[in-house]
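Participant: Input my_file_37.cif, format and content: mmCIF, C-alpha atoms and all ligand atoms.
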```
data_coords
loop_
_atom_site.label_atom_id
_atom_site.label_comp_id
_atom_site.auth_asym_id
_atom_site.auth_seq_id
_atom_site.Cartn_x
_atom_site.Cartn_y
_atom_site.Cartn_z
CA MET A 1 142.67 91.80 128.62
CA LYS A 2 143.95 93.33 125.36
CA VAL A 3 141.85 92.58 122.27
CA SER A 4 142.85 93.58 118.74
CA ILE A 5 142.04 92.63 115.15
CA GLU A 6 145.06 92.58 112.82
CA PRO A 7 146.02 91.28 109.39
CA MET A 8 146.85 87.56 109.54
CA LYS A 9 150.59 86.84 109.29
CA PHE A 10 152.46 83.57 108.73
CA CYS A 11 153.23 83.36 112.48
CA HIS A 12 149.47 83.18 113.23
CA VAL A 13 148.76 80.31 110.83
CA PRO A 14 149.53 77.33 113.17
CA SER A 15 147.08 78.70 115.78
CA VAL A 16 144.49 79.47 113.10
CA ALA A 17 144.77 75.90 111.74
CA ALA A 18 144.42 74.51 115.29
CA ILE A 19 141.13 76.43 115.78
CA GLU A 20 140.04 75.40 112.28
CA LYS A 21 140.40 71.71 113.28
CA MET A 22 138.30 72.29 116.41
CA VAL A 23 135.37 74.02 114.70
CA TYR A 24 135.08 72.59 111.16
CA SER A 25 134.48 69.03 109.99
CA ALA A 26 136.51 69.71 106.80
CA PRO A 27 139.22 72.09 108.06
CA TRP A 28 141.54 74.09 105.80
CA SER A 29 145.20 73.15 106.15
CA GLU A 30 147.97 75.55 107.21
CA HIS A 31 149.09 75.40 103.57
CA ALA A 32 145.68 76.63 102.39
CA PHE A 33 145.90 79.71 104.64
CA ILE A 34 149.50 80.39 103.59
CA ASN A 35 148.49 80.18 99.92
CA GLU A 36 145.67 82.62 100.53
CA ILE A 37 147.95 85.14 102.29
CA LEU A 38 150.80 84.74 99.81
CA ASP A 39 149.24 84.14 96.41
CA ASN A 40 145.67 85.43 96.36
CA GLY A 41 145.68 89.12 95.51
CA PHE A 42 141.91 89.32 96.07
CA ALA A 43 142.13 87.93 99.62
CA SER A 44 142.58 89.58 103.02
CA TYR A 45 142.67 87.61 106.27
CA TYR A 46 142.45 88.93 109.83
CA VAL A 47 143.03 87.49 113.30
CA LEU A 48 141.44 88.50 116.57
CA LEU A 49 144.14 88.47 119.24
CA ILE A 50 143.45 88.29 122.98
CA ASP A 51 146.58 89.16 124.95
CA GLY A 52 148.57 88.28 121.83
CA GLU A 53 147.00 84.81 121.31
CA VAL A 54 144.83 83.99 118.28
CA ALA A 55 141.21 83.61 119.43
CA GLY A 56 139.47 83.91 116.06
CA TYR A 57 139.92 84.80 112.41
CA THR A 58 138.10 85.77 109.25
CA GLY A 59 138.80 86.23 105.57
CA ILE A 60 137.36 88.11 102.62
CA TRP A 61 137.83 88.16 98.90
CA VAL A 62 137.03 91.43 97.19
CA ILE A 63 136.56 91.34 93.43
CA LEU A 64 135.52 94.65 91.92
CA ASP A 65 132.47 95.79 93.90
CA GLU A 66 131.56 92.40 95.39
CA ALA A 67 133.01 90.75 98.48
CA HIS A 68 132.83 87.19 99.77
CA ILE A 69 133.37 86.10 103.38
CA THR A 70 135.52 82.97 102.96
CA THR A 71 135.78 81.98 106.61
CA LEU A 72 134.84 83.10 110.12
CA ALA A 73 135.62 81.28 113.33
CA VAL A 74 136.15 81.87 117.02
CA SER A 75 137.96 79.40 119.27
CA PRO A 76 135.41 77.36 121.28
CA VAL A 77 136.68 78.79 124.58
CA TRP A 78 135.99 82.36 123.40
CA GLN A 79 132.64 81.81 121.66
CA GLY A 80 129.47 83.60 122.81
CA LYS A 81 131.33 86.72 124.00
CA GLY A 82 130.79 89.00 121.00
CA PHE A 83 134.10 88.27 119.22
CA GLY A 84 132.45 86.64 116.19
CA ARG A 85 130.37 89.75 115.69
CA SER A 86 133.45 91.99 116.04
CA LEU A 87 135.34 89.95 113.43
CA LEU A 88 132.39 90.02 111.03
CA GLU A 89 131.92 93.78 111.42
CA HIS A 90 135.64 94.28 110.81
CA ALA A 91 135.52 92.14 107.66
CA ILE A 92 132.54 94.09 106.32
CA ALA A 93 134.21 97.44 107.02
CA GLU A 94 137.45 96.27 105.33
CA ALA A 95 135.51 95.04 102.30
CA ALA A 96 133.78 98.43 102.02
CA LYS A 97 137.15 100.22 102.26
CA LYS A 98 138.38 98.06 99.37
CA GLY A 99 135.42 99.19 97.25
CA ALA A 100 132.83 96.45 97.81
CA VAL A 101 129.20 97.54 97.79
CA ARG A 102 127.74 94.10 98.61
CA ILE A 103 129.00 91.05 100.42
CA THR A 104 127.99 87.40 100.39
CA LEU A 105 128.73 84.16 102.21
CA GLU A 106 127.70 80.52 102.38
CA VAL A 107 126.69 78.85 105.64
CA ARG A 108 125.58 75.30 106.41
CA VAL A 109 121.79 75.08 106.49
CA SER A 110 122.10 73.44 109.95
CA ASN A 111 124.37 76.20 111.36
CA LEU A 112 121.64 78.25 113.02
CA LYS A 113 124.10 79.96 115.39
CA ALA A 114 126.11 81.51 112.54
CA GLN A 115 122.93 82.31 110.62
CA ALA A 116 121.61 84.20 113.68
CA LEU A 117 124.79 86.30 113.73
CA TYR A 118 124.59 87.03 109.98
CA LYS A 119 120.89 87.98 110.21
CA LYS A 120 121.63 90.24 113.17
CA LEU A 121 124.04 92.22 110.98
CA GLY A 122 121.49 92.45 108.15
CA PHE A 123 122.41 89.54 105.84
CA THR A 124 119.38 88.03 104.14
CA PRO A 125 119.01 84.45 102.83
CA CYS A 126 118.95 84.49 99.03
CA GLY A 127 119.12 80.84 97.97
CA ILE A 128 120.46 77.35 98.50
CA ARG A 129 123.57 75.77 96.92
CA PRO A 130 122.80 72.03 96.95
CA ASN A 131 125.62 69.78 98.29
CA TYR A 132 127.98 72.75 98.60
CA TYR A 133 129.70 71.06 101.58
CA HIS A 134 129.41 67.55 100.00
CA ASP A 135 127.48 66.36 103.08
CA GLU A 136 125.10 69.33 103.33
CA ASP A 137 123.52 72.23 101.43
CA ALA A 138 124.64 75.82 101.88
CA LEU A 139 122.40 78.78 102.52
CA VAL A 140 123.62 81.77 100.48
CA MET A 141 123.26 85.12 102.24
CA TRP A 142 123.86 88.66 100.99
CA LEU A 143 124.27 92.05 102.62
CA ASP A 144 123.69 94.93 100.19
CA ASN A 145 124.60 98.59 100.29
CA LEU A 146 127.77 98.35 102.38
CA PRO A 147 128.49 102.11 102.32
CA SER A 148 125.15 102.82 104.00
CA PHE A 149 125.64 99.85 106.41
CA CYS A 150 129.05 101.24 107.45
CA GLU A 151 127.69 104.74 107.88
CA ARG A 152 124.79 103.49 110.05
CA ASN A 153 127.19 101.50 112.23
CA GLY A 154 129.88 104.17 112.48
CA PHE A 155 132.55 102.27 110.48
CA SER A 156 134.96 104.32 108.40
CA VAL A 157 134.21 104.02 104.69
CA VAL A 158 137.30 105.87 103.47
CA LYS A 159 138.54 103.67 100.64
CA THR A 160 142.11 102.34 100.70
CA PRO A 161 143.94 103.60 97.59
CA ALA A 162 144.75 100.72 95.22
CA ALA A 163 148.50 101.44 95.48
CA GLU A 164 148.44 100.80 99.25
CA ARG A 165 146.42 97.60 98.95
CA ASP A 166 149.46 95.85 97.40
CA TRP A 167 151.28 96.14 100.71
CA GLU A 168 148.58 94.66 102.94
CA GLY A 169 148.49 91.16 104.41
C1 LIG B 1 129.62 81.41 114.39
C2 LIG B 1 130.71 82.00 115.29
C3 LIG B 1 131.79 82.64 114.45
C4 LIG B 1 130.03 83.09 116.18
O1 LIG B 1 131.04 83.67 116.99
P1 LIG B 1 130.74 84.00 118.53
O2 LIG B 1 131.88 84.78 119.05
O3 LIG B 1 130.40 82.73 119.23
O4 LIG B 1 129.40 84.87 118.42
P2 LIG B 1 129.06 86.22 119.20
O5 LIG B 1 129.29 86.01 120.67
O6 LIG B 1 129.74 87.36 118.54
O7 LIG B 1 127.49 86.28 118.98
C5 LIG B 1 126.94 87.06 117.95
C6 LIG B 1 125.54 86.57 117.66
O8 LIG B 1 125.59 85.23 117.17
C7 LIG B 1 124.41 84.54 117.60
N1 LIG B 1 124.80 83.47 118.53
C8 LIG B 1 125.96 83.34 119.20
N2 LIG B 1 125.93 82.21 119.94
C9 LIG B 1 124.74 81.64 119.72
C10 LIG B 1 124.10 80.44 120.16
N3 LIG B 1 124.71 79.60 121.00
N4 LIG B 1 122.85 80.15 119.67
C11 LIG B 1 122.23 80.98 118.80
N5 LIG B 1 122.79 82.13 118.34
C12 LIG B 1 124.00 82.45 118.80
C13 LIG B 1 123.56 85.55 118.33
O9 LIG B 1 122.74 86.20 117.38
C14 LIG B 1 124.62 86.50 118.86
O10 LIG B 1 124.14 87.76 119.16
P3 LIG B 1 123.66 88.08 120.66
O11 LIG B 1 124.77 87.69 121.57
O12 LIG B 1 123.42 89.56 120.63
O13 LIG B 1 122.43 87.27 120.87
C15 LIG B 1 131.33 80.93 116.24
O14 LIG B 1 130.29 80.31 116.97
C16 LIG B 1 132.13 79.88 115.54
O15 LIG B 1 133.32 80.02 115.32
N6 LIG B 1 131.48 78.74 115.15
C17 LIG B 1 132.18 77.65 114.48
C18 LIG B 1 132.60 78.03 113.07
C19 LIG B 1 131.42 78.53 112.26
O16 LIG B 1 130.33 77.96 112.31
N7 LIG B 1 131.68 79.60 111.47
C20 LIG B 1 130.69 80.15 110.56
C21 LIG B 1 130.82 79.45 109.25
S1 LIG B 1 129.73 80.10 108.03
#
```
Please express what this file holds, its structure, as structure tokens.
Ligand SMILES: CC(C)(COP(=O)(O)OP(=O)(O)OC[C@H]1O[C@@H](n2cnc3c(N)ncnc32)[C@H](O)[C@@H]1OP(=O)(O)O)[C@@H](O)C(=O)NCCC(=O)NCCS
Facilitator:
Amino acid sequence: MKVSIEPMKFCHVPSVAAIEKMVYSAPWSEHAFINEILDNGFASYYVLLIDGEVAGYTGIWVILDEAHITTLAVSPVWQGKGFGRSLLEHAIAEAAKKGAVRITLEVRVSNLKAQALYKKLGFTPCGIRPNYYHDEDALVMWLDNLPSFCERNGFSVVKTPAAERDWEG
């Protein structure tokens, strides 16, 4: 079994949108992912491929020294095998390379599985955004001091030069 994490390309988007429909009650459309890849200079999206098939994905926005996890999902058939953690660690390391020193995310207050993963990696709950999902509140979580997090976990913290960032994605 060959597992890799790579930048999301247009050819991955139909599979990503199919997983999105399986795991979220308000899924993003293919168009939303394409817009993010094409038009959002702050965004970077990644897919986890198993033998060339999309099994999960994640996205970050990095604005100055703060990063935001915009999405994280693993296909139901591949959940519970450590791939969510791998994707999250990759996203954090990429955010640090792009200059982020702290990273945040929102998660449904009822999504205890995802919250367990985030807490395991050191995210701490910092507040509630009421009705963030229209039908439910969001728990806001932060992970501070990314350079030290990456060093502790053996992730490279060599920053990507700004000139190279233009060519990613
Ligand atoms: C949340 C999600 C990304 C986790 O991915 P995953 O591949 O299933 O998780 P992993 O196998 O990497 O597990 C990592 C940790 O998550 C937690 N976790 C995973 N499955 C769990 C379960 N069924 N119950 C409680 N905690 C669980 C555990 O802390 C686990 O660590 P451990 O195996 O050392 O105990 C995945 O379940 C998913 O896509 N869910 C639907 C979409 C979603 O909720 N995304 C998050 C939005 S904020």
Participant: Please build the interface table for chain A against ligand LIG 1 (chain B) with a cut-off of 9 Å, listing for each qualifying residue the nearest atom pair and the distance in Å to one decimal; count all atoms listed in the file, order rows by chain and increasing number, and write it as JSON lines.
Facilitator:
```
{"residue": "A:Ile19", "atom": "CA", "partner": "B:LIG1", "partner_atom": "O15", "distance": 8.6}
{"residue": "A:Glu20", "atom": "CA", "partner": "B:LIG1", "partner_atom": "C18", "distance": 7.9}
{"residue": "A:Met22", "atom": "CA", "partner": "B:LIG1", "partner_atom": "C17", "distance": 8.4}
{"residue": "A:Val23", "atom": "CA", "partner": "B:LIG1", "partner_atom": "C17", "distance": 4.8}
{"residue": "A:Tyr24", "atom": "CA", "partner": "B:LIG1", "partner_atom": "C18", "distance": 6.3}
{"residue": "A:Gly56", "atom": "CA", "partner": "B:LIG1", "partner_atom": "O15", "distance": 7.3}
{"residue": "A:Tyr57", "atom": "CA", "partner": "B:LIG1", "partner_atom": "O15", "distance": 8.7}
{"residue": "A:Thr58", "atom": "CA", "partner": "B:LIG1", "partner_atom": "C3", "distance": 8.8}
{"residue": "A:Ile69", "atom": "CA", "partner": "B:LIG1", "partner_atom": "S1", "distance": 8.4}
{"residue": "A:Thr70", "atom": "CA", "partner": "B:LIG1", "partner_atom": "S1", "distance": 8.2}
{"residue": "A:Thr71", "atom": "CA", "partner": "B:LIG1", "partner_atom": "C21", "distance": 6.2}
{"residue": "A:Leu72", "atom": "CA", "partner": "B:LIG1", "partner_atom": "N7", "distance": 4.9}
{"residue": "A:Ala73", "atom": "CA", "partner": "B:LIG1", "partner_atom": "O15", "distance": 3.3}
{"residue": "A:Val74", "atom": "CA", "partner": "B:LIG1", "partner_atom": "O15", "distance": 3.8}
{"residue": "A:Ser75", "atom": "CA", "partner": "B:LIG1", "partner_atom": "O15", "distance": 6.1}
{"residue": "A:Pro76", "atom": "CA", "partner": "B:LIG1", "partner_atom": "O15", "distance": 6.9}
{"residue": "A:Trp78", "atom": "CA", "partner": "B:LIG1", "partner_atom": "O2", "distance": 6.5}
{"residue": "A:Gln79", "atom": "CA", "partner": "B:LIG1", "partner_atom": "O3", "distance": 3.4}
{"residue": "A:Gly80", "atom": "CA", "partner": "B:LIG1", "partner_atom": "O5", "distance": 3.2}
{"residue": "A:Lys81", "atom": "CA", "partner": "B:LIG1", "partner_atom": "O5", "distance": 4.0}
{"residue": "A:Gly82", "atom": "CA", "partner": "B:LIG1", "partner_atom": "O6", "distance": 3.1}
{"residue": "A:Phe83", "atom": "CA", "partner": "B:LIG1", "partner_atom": "O2", "distance": 4.1}
{"residue": "A:Gly84", "atom": "CA", "partner": "B:LIG1", "partner_atom": "O1", "distance": 3.4}
{"residue": "A:Arg85", "atom": "CA", "partner": "B:LIG1", "partner_atom": "O6", "distance": 3.8}
{"residue": "A:Ser86", "atom": "CA", "partner": "B:LIG1", "partner_atom": "O6", "distance": 6.4}
{"residue": "A:Leu87", "atom": "CA", "partner": "B:LIG1", "partner_atom": "O6", "distance": 8.0}
{"residue": "A:Leu88", "atom": "CA", "partner": "B:LIG1", "partner_atom": "C3", "distance": 8.2}
{"residue": "A:Leu105", "atom": "CA", "partner": "B:LIG1", "partner_atom": "S1", "distance": 7.2}
{"residue": "A:Glu106", "atom": "CA", "partner": "B:LIG1", "partner_atom": "S1", "distance": 6.0}
{"residue": "A:Val107", "atom": "CA", "partner": "B:LIG1", "partner_atom": "S1", "distance": 4.1}
{"residue": "A:Arg108", "atom": "CA", "partner": "B:LIG1", "partner_atom": "S1", "distance": 6.5}
{"residue": "A:Asn111", "atom": "CA", "partner": "B:LIG1", "partner_atom": "O16", "distance": 6.3}
{"residue": "A:Leu112", "atom": "CA", "partner": "B:LIG1", "partner_atom": "C11", "distance": 6.4}
{"residue": "A:Lys113", "atom": "CA", "partner": "B:LIG1", "partner_atom": "N5", "distance": 3.9}
{"residue": "A:Ala114", "atom": "CA", "partner": "B:LIG1", "partner_atom": "C1", "distance": 4.0}
{"residue": "A:Gln115", "atom": "CA", "partner": "B:LIG1", "partner_atom": "C7", "distance": 7.5}
{"residue": "A:Ala116", "atom": "CA", "partner": "B:LIG1", "partner_atom": "O9", "distance": 4.4}
{"residue": "A:Leu117", "atom": "CA", "partner": "B:LIG1", "partner_atom": "O8", "distance": 3.7}
{"residue": "A:Tyr118", "atom": "CA", "partner": "B:LIG1", "partner_atom": "O8", "distance": 7.5}
{"residue": "A:Lys119", "atom": "CA", "partner": "B:LIG1", "partner_atom": "O9", "distance": 7.6}
{"residue": "A:Lys120", "atom": "CA", "partner": "B:LIG1", "partner_atom": "O9", "distance": 5.9}
{"residue": "A:Leu121", "atom": "CA", "partner": "B:LIG1", "partner_atom": "C6", "distance": 8.9}
```
Participant: Have a look at atom CA of Ile34 of chain A and atom CA of His68 of chain A and let me know their distance in Å, one decimal.
Facilitator: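 Computed distance, atom CA of Ile34 of chain A to atom CA of His68 of chain A, equals 18.4 Å.
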Participant: Of the candidates A:Phe10, A:Tyr45, A:Phe149, A:Phe123, which shows the shortest atom-to-atom distance to Ala100 of chain A, using only C-alpha atoms?
Facilitator: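 For Ala100 of chain A, the nearest of the given residues is A:Phe149.
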Participant: Kindly give the distance, in Å, that separates atom CA of Val3 of chain A and atom CA of Gly52 of chain A, rounded to a single decimal.
Facilitator: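 Separation between atom CA of Val3 of chain A and atom CA of Gly52 of chain A: 8.0 Å.
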Participant: Report the distance between atom CA of Lys21 of chain A and atom CA of Pro7 of chain A in Å, rounded to one decimal place.
Facilitator: 20.7 Å
Participant: What lies within 8 Å of Phe42 of chain A using only C-alpha atoms, ignoring chain neighbours under 3 positions off, as number ranges by chain?
Facilitator: A: 61-63
Participant: Only C-alpha atoms, please: the residues just picked out, written as an mmCIF file, in the frame of the given file.
Facilitator:
```
data_model
loop_
_atom_site.group_PDB
_atom_site.id
_atom_site.type_symbol
_atom_site.label_atom_id
_atom_site.label_comp_id
_atom_site.auth_asym_id
_atom_site.auth_seq_id
_atom_site.Cartn_x
_atom_site.Cartn_y
_atom_site.Cartn_z
ATOM 1 C CA TRP A 61 137.830 88.160 98.900
ATOM 2 C CA VAL A 62 137.030 91.430 97.190
ATOM 3 C CA ILE A 63 136.560 91.340 93.430
#
```
Participant: Taking into account only C-alpha atoms, which residue in the set A:Ser148, A:Ile103, A:Ser29, A:Ser15 is nearest to Asp65 of chain A?
Facilitator: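 Ranking A:Ser148, A:Ile103, A:Ser29, A:Ser15 by distance to Asp65 of chain A, first place goes to A:Ile103.
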Participant: Just want the 12 Å neighbourhood of Arg129 of chain A, counted on all atoms listed in the file, with same-chain residues fewer than 2 positions away dropped. Output as a ChimeraX atom specification.
Facilitator: /A:105-109,125-127,131-141
Participant: May I have the centre and edge lengths, in Å to one decimal, of an axis-aligned box around the listed atoms of segment 46-52 of chain A with 3 Å added to every side, as AutoDock Vina command-line options?
Facilitator:
```
--center_x 145.0 --center_y 88.3 --center_z 117.4 --size_x 13.1 --size_y 7.7 --size_z 21.1
```
Participant: Using all atoms listed in the file, pick whichever of A:Leu49, A:Ala26, A:Glu6, A:Thr124 has the shortest atom-to-atom distance to Glu94 of chain A.
Facilitator: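 Looking only at the distances to Glu94 of chain A, the closest residue turns out to be A:Glu6.
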